[in-house]
Amino acid sequence: MNRKDRRTALLAEARTLSEKAAGPNGLTAEDVTRAKAIQTDVEELTKAIEAEDATRVALKSMVAAELGGDHTEPGSKAITVDGGASSISAKSIMAGVQEKVGTGSLKAVTATGGSVTVPVNQGVAAMSQSNYLLSNLVTIFPVNGEDGDGVSYLRQTGRTLAAATVARGAEKPNSSLSFESVTDAFATVAHLAEVPNQYLESFGKFSQIIEFEMLYGMALGLDDLILNGGTDENGEAVTGLLGLTGVKVQAFTTDKLLTLRRAVGRIQSEGTQPTAIVLHPDDWEEIETTKLADGDYLLDGTPTNAGKPSLWGVPVQLAPSVGAGKAVIGAFDASTIGLANRGGIKLQWNPFKLDHLNQTVLRVEGRFVPVIARPASFAVATLTAA
């Protein structure tokens with residue numbers, strides 16, 4: 001019995017249990033245990049079937065491309081293989097692709113000559129294997145399947161809430177909520193690496209190291225896009241958090257800790273609890289190693305029980321991209337900030353561009369739009385005196 005037949009049989013058994021559950025006697029303890037086991041088995045079989053289907057479509061696409069045919073087929077968008085690879089390389093590429101599909105992990109494509117489009121709904125941290133990123137805090141919204149070269153949304157620009165008691169017959173107070181319509185084009189974040197073919201052939205893990213390094217660089221590029229903006233695909237400016245009107249600006253006040261407390265309080269005054277203080281590791285090191293007059297560390301438990309960093313009841317996220325001497329404090333949830341993405345992140349090995357130099361080129365790129373719906377939920381603090 002193949003996977004699909006086993007899943008069909010399990011679903012039939014599940015329907016029988018469902019009908020029994022609706023009856024007068026309900027389910028026994030054994031029935032409940034069996035239902036849980038069926039659910040687990042069906043989920044595992046479904047993942048395996050989807051992996052097989054995606055691999056089958058990718059193989060058809062690759063063969064059609066070799067024969068000059070049309071390789072566009074429904075289901076081939078999540079993971080695509082192309083690049084004119086030889087049949088030997090194609091087998092290795094597909095082994096990597098199948099592993100990615102089946103596990104959702106990012107194990108390297110160990111051969112050159114193909115491309116893999118990695119879904120980004122796993123989050124930037126899973127792709128780059130680094131915890132030290134501002135973009136780890138930001139929700140990624142895939143916009144695949146929709147036409148358009150950008151994203152439109154509403155950004156809150158003002159809020160005055162006037163709710164109060166009202167006497168009988170008196171006029172009710174008016175609150176003021178203002179928004180602006182924002183339409184931003186995608187910005188392509190991309191970079192290339194030129195790799196000697198000898199390294200790829202001689203060292204089995206080298207391609208994996210290169211992929212993870214390039215994905216980390218991609219994540220740093222997303223950090224930069226969120227913070228500083230950049231240029232979209234039409235050549236127009238993209239505004240990041242640091243330059244956006246409405247983001248609170250907190251000047252240096254006495255020391256780093258007091259400055260951060262003032263910034264936290266300014267966001268709390270909006271009725272919003274910040275979810276993260278983003279600091280450069282150097283600034284966190286200075287705060288964490290500050291000592292009192294008696295020689296004890298200022299932060300309780302340092303250094304033996306440092307634990308997960310936090311200040312003023314707010315988790316601390318370390319990110320070199322924020323820059324030393326600066327901090328970003330805010331409510332990093334899906335209703336305030338996000339990254340819209342079209343098409344995942346592409347990793348493409350090209351063994352032909354520099355074949356005269358015996359080198360292979362790895363291209364990593366993605367299309368993103370920062371979506372900052374409520375600038376007032378963020379503050380940028382200066383941590384050093386002028």
# chains A, B, ... in the order shown; residues from 1 in each chain; ligands from 1

call {"tool": "select_by_dssp", "arguments": {"residues": "segment 110-295 of chain A", "states": "alpha helix (DSSP H)", "output": "VMD selection string"}}
result
chain A and resid 124 to 128 197 to 202 206 to 228 256 to 268 281 to 288

call {"tool": "write_last_selection", "arguments": {"atoms": "C-alpha atoms", "output": "short mmCIF file (atom, residue, chain, number, x, y, z; two decimals), in the first residue's frame"}}
result
data_model
loop_
_atom_site.label_atom_id
_atom_site.label_comp_id
_atom_site.auth_asym_id
_atom_site.auth_seq_id
_atom_site.Cartn_x
_atom_site.Cartn_y
_atom_site.Cartn_z
CA VAL A 124 14.91 35.06 8.80
CA ALA A 125 16.60 33.35 11.76
CA ALA A 126 15.95 29.88 10.35
CA MET A 127 17.42 30.92 7.02
CA SER A 128 20.54 32.61 8.34
CA ASN A 197 35.09 24.97 -8.44
CA GLN A 198 38.00 23.13 -6.82
CA TYR A 199 36.70 24.06 -3.35
CA LEU A 200 33.23 22.78 -4.19
CA GLU A 201 34.65 19.47 -5.40
CA SER A 202 37.24 18.98 -2.63
CA PHE A 206 31.86 24.06 1.50
CA SER A 207 28.72 24.80 -0.52
CA GLN A 208 26.66 24.65 2.69
CA ILE A 209 28.99 27.13 4.39
CA ILE A 210 28.75 29.50 1.43
CA GLU A 211 24.94 29.27 1.33
CA PHE A 212 24.55 30.04 5.02
CA GLU A 213 27.02 32.91 4.83
CA MET A 214 25.15 34.37 1.86
CA LEU A 215 21.80 33.93 3.62
CA TYR A 216 23.21 35.74 6.66
CA GLY A 217 24.33 38.54 4.36
CA MET A 218 20.82 38.59 2.91
CA ALA A 219 19.38 38.92 6.42
CA LEU A 220 21.74 41.83 7.14
CA GLY A 221 20.48 43.44 3.95
CA LEU A 222 16.91 43.09 5.24
CA ASP A 223 17.97 44.70 8.52
CA ASP A 224 19.40 47.60 6.56
CA LEU A 225 16.23 47.91 4.46
CA ILE A 226 14.05 48.03 7.58
CA LEU A 227 16.27 50.54 9.38
CA ASN A 228 17.65 52.76 6.64
CA LYS A 256 22.33 54.54 28.48
CA LEU A 257 19.93 52.96 30.97
CA LEU A 258 18.00 56.13 31.71
CA THR A 259 17.84 56.98 28.00
CA LEU A 260 16.35 53.58 27.24
CA ARG A 261 13.86 53.93 30.10
CA ARG A 262 12.66 57.26 28.70
CA ALA A 263 12.20 55.69 25.26
CA VAL A 264 10.24 52.77 26.74
CA GLY A 265 8.03 55.22 28.63
CA ARG A 266 7.29 57.26 25.52
CA ILE A 267 5.96 54.19 23.74
CA GLN A 268 4.01 53.11 26.82
CA PRO A 281 26.36 44.06 21.09
CA ASP A 282 28.98 46.64 22.13
CA ASP A 283 26.35 48.76 23.90
CA TRP A 284 24.90 45.70 25.63
CA GLU A 285 28.39 44.67 26.75
CA GLU A 286 28.92 48.09 28.35
CA ILE A 287 25.55 47.93 30.12
CA GLU A 288 25.98 44.34 31.24
#

call {"tool": "residues_around", "arguments": {"residues": "segment 27-39 of chain A", "least_positions_apart": "6", "cutoff": "8 Å", "atoms": "only C-alpha atoms", "output": "list in words"}}
result
Leu10, Leu11, Ala14, Leu17, Lys20 and Ala21 of chain A

call {"tool": "write_last_selection", "arguments": {"atoms": "N, CA and C atoms", "output": "PDB file, in the first residue's frame"}}
result
ATOM      1  N   LEU A  10      -6.674   5.723   6.485  1.00  0.00           N
ATOM      2  CA  LEU A  10      -6.686   6.383   7.790  1.00  0.00           C
ATOM      3  C   LEU A  10      -7.819   7.397   7.883  1.00  0.00           C
ATOM      4  N   LEU A  11      -8.046   8.128   6.800  1.00  0.00           N
ATOM      5  CA  LEU A  11      -9.138   9.106   6.793  1.00  0.00           C
ATOM      6  C   LEU A  11     -10.494   8.414   6.913  1.00  0.00           C
ATOM      7  N   ALA A  14     -10.883   7.596  10.428  1.00  0.00           N
ATOM      8  CA  ALA A  14     -11.189   8.814  11.181  1.00  0.00           C
ATOM      9  C   ALA A  14     -12.659   9.188  11.051  1.00  0.00           C
ATOM     10  N   LEU A  17     -14.677   7.021  13.417  1.00  0.00           N
ATOM     11  CA  LEU A  17     -14.565   7.504  14.791  1.00  0.00           C
ATOM     12  C   LEU A  17     -15.368   8.785  14.996  1.00  0.00           C
ATOM     13  N   LYS A  20     -18.882   7.849  15.440  1.00  0.00           N
ATOM     14  CA  LYS A  20     -19.068   7.260  16.761  1.00  0.00           C
ATOM     15  C   LYS A  20     -19.097   8.344  17.839  1.00  0.00           C
ATOM     16  N   ALA A  21     -18.243   9.362  17.667  1.00  0.00           N
ATOM     17  CA  ALA A  21     -18.196  10.453  18.650  1.00  0.00           C
ATOM     18  C   ALA A  21     -19.503  11.214  18.708  1.00  0.00           C
TER      19      ALA A  21
END

call {"tool": "residues_around", "arguments": {"residues": "Gly366 of chain A", "least_positions_apart": "2", "cutoff": "6 Å", "atoms": "only C-alpha atoms", "output": "list of chain:residue names"}}
result
A:Thr188, A:Val189, A:Ile345

call {"tool": "write_last_selection", "arguments": {"atoms": "C-alpha atoms", "output": "CSV table (one decimal), in the first residue's frame"}}
result
chain,number,residue,atom,x,y,z
A,188,THR,CA,15.4,43.8,-4.6
A,189,VAL,CA,17.9,42.8,-2.0
A,345,ILE,CA,14.5,34.0,-1.5

call {"tool": "atom_distance", "arguments": {"atom1": "atom CA of Gly150 of chain A", "atom2": "atom CA of Val369 of chain A"}}
result
7.4 Å

call {"tool": "residues_around", "arguments": {"residues": "segment 159-173 of chain A", "least_positions_apart": "4", "cutoff": "10 Å", "atoms": "only C-alpha atoms", "output": "list in words"}}
result
Leu177, Ser178, Phe179, Glu270 and Ala376 of chain A

call {"tool": "write_last_selection", "arguments": {"atoms": "N, CA and C atoms", "output": "tab-separated table (two decimals), in the first residue's frame"}}
result
chain	number	residue	atom	x	y	z
A	177	LEU	N	-8.67	60.17	14.18
A	177	LEU	CA	-7.74	59.13	13.74
A	177	LEU	C	-7.39	59.40	12.29
A	178	SER	N	-6.12	59.58	12.02
A	178	SER	CA	-5.71	59.92	10.65
A	178	SER	C	-4.79	58.85	10.08
A	179	PHE	N	-4.97	58.57	8.80
A	179	PHE	CA	-4.19	57.57	8.10
A	179	PHE	C	-3.81	58.12	6.73
A	270	GLU	N	1.72	55.79	24.68
A	270	GLU	CA	0.78	55.61	23.57
A	270	GLU	C	-0.22	54.49	23.86
A	376	ALA	N	4.30	55.41	15.36
A	376	ALA	CA	4.29	55.87	16.76
A	376	ALA	C	4.59	54.76	17.74

call {"tool": "closest_residue", "arguments": {"among": "A:Ala9, A:Leu299, A:Val151, A:Ala193", "to": "Leu311 of chain A", "atoms": "only C-alpha atoms"}}
result
A:Leu299

call {"tool": "atom_distance", "arguments": {"atom1": "atom CA of Ala373 of chain A", "atom2": "atom CA of Gly330 of chain A"}}
result
12.6 Å

call {"tool": "select_by_dssp", "arguments": {"residues": "segment 185-310 of chain A", "states": "strand (DSSP E)", "output": "list in words"}}
result
Ala185, Ala187, Thr188, Val189, Ala190, His191, Leu192, Ala193, Glu194, Val195, Pro196, Gly230, Thr231, Ala237, Val238, Lys248, Val249, Gln250, Ala276, Ile277, Val278, Leu279 and Ser310 of chain A

call {"tool": "closest_residue", "arguments": {"among": "A:Glu19, A:Asp147, A:Asp232, A:Glu194", "to": "Trp349 of chain A", "atoms": "only C-alpha atoms"}}
result
A:Glu194

call {"tool": "closest_atom_pairs", "arguments": {"of": "segment 194-296 of chain A", "to": "segment 331-339 of chain A", "cutoff": "7 Å", "atoms": "only C-alpha atoms", "output": "tab-separated table"}}
result
residue	atom	partner	partner_atom	distance
A:Gln273	CA	A:Ala331	CA	6.4
A:Pro274	CA	A:Ala331	CA	4.2
A:Thr275	CA	A:Ala331	CA	4.8
A:Ala276	CA	A:Ala331	CA	6.7

call {"tool": "write_last_selection", "arguments": {"atoms": "C-alpha atoms", "output": "compact mmCIF listing (two decimals), in the first residue's frame"}}
result
# COMPACT_ATOMS: atom_id res chain seq x y z
CA GLN A 273 3.93 47.89 25.41
CA PRO A 274 7.25 47.59 23.54
CA THR A 275 8.25 44.03 22.76
CA ALA A 276 11.98 44.58 22.15

call {"tool": "closest_residue", "arguments": {"among": "A:Ile329, A:Val247, A:Val278, A:Val143", "to": "Phe186 of chain A", "atoms": "only C-alpha atoms"}}
result
A:Val143

call {"tool": "residues_around", "arguments": {"residues": "Gly235 of chain A", "least_positions_apart": "3", "cutoff": "10 Å", "atoms": "only C-alpha atoms", "output": "mmCIF file with C-alpha atoms, in the first residue's frame"}}
result
data_model
loop_
_atom_site.group_PDB
_atom_site.id
_atom_site.type_symbol
_atom_site.label_atom_id
_atom_site.label_comp_id
_atom_site.auth_asym_id
_atom_site.auth_seq_id
_atom_site.Cartn_x
_atom_site.Cartn_y
_atom_site.Cartn_z
ATOM 1 C CA ALA A 185 7.262 49.067 -4.926
ATOM 2 C CA ALA A 187 13.028 46.500 -3.411
ATOM 3 C CA GLY A 230 17.160 52.023 0.213
ATOM 4 C CA THR A 231 16.107 52.085 -3.436
ATOM 5 C CA ASP A 232 13.139 50.231 -4.897
ATOM 6 C CA VAL A 238 12.443 53.541 0.287
#

call {"tool": "residues_around", "arguments": {"residues": "Tyr132 of chain A", "least_positions_apart": "3", "cutoff": "8 Å", "atoms": "only C-alpha atoms", "output": "MDAnalysis selection string"}}
result
chainID A and resid 136 317:320

call {"tool": "atom_distance", "arguments": {"atom1": "atom CA of Arg3 of chain A", "atom2": "atom CA of Leu45 of chain A"}}
result
6.3 Å
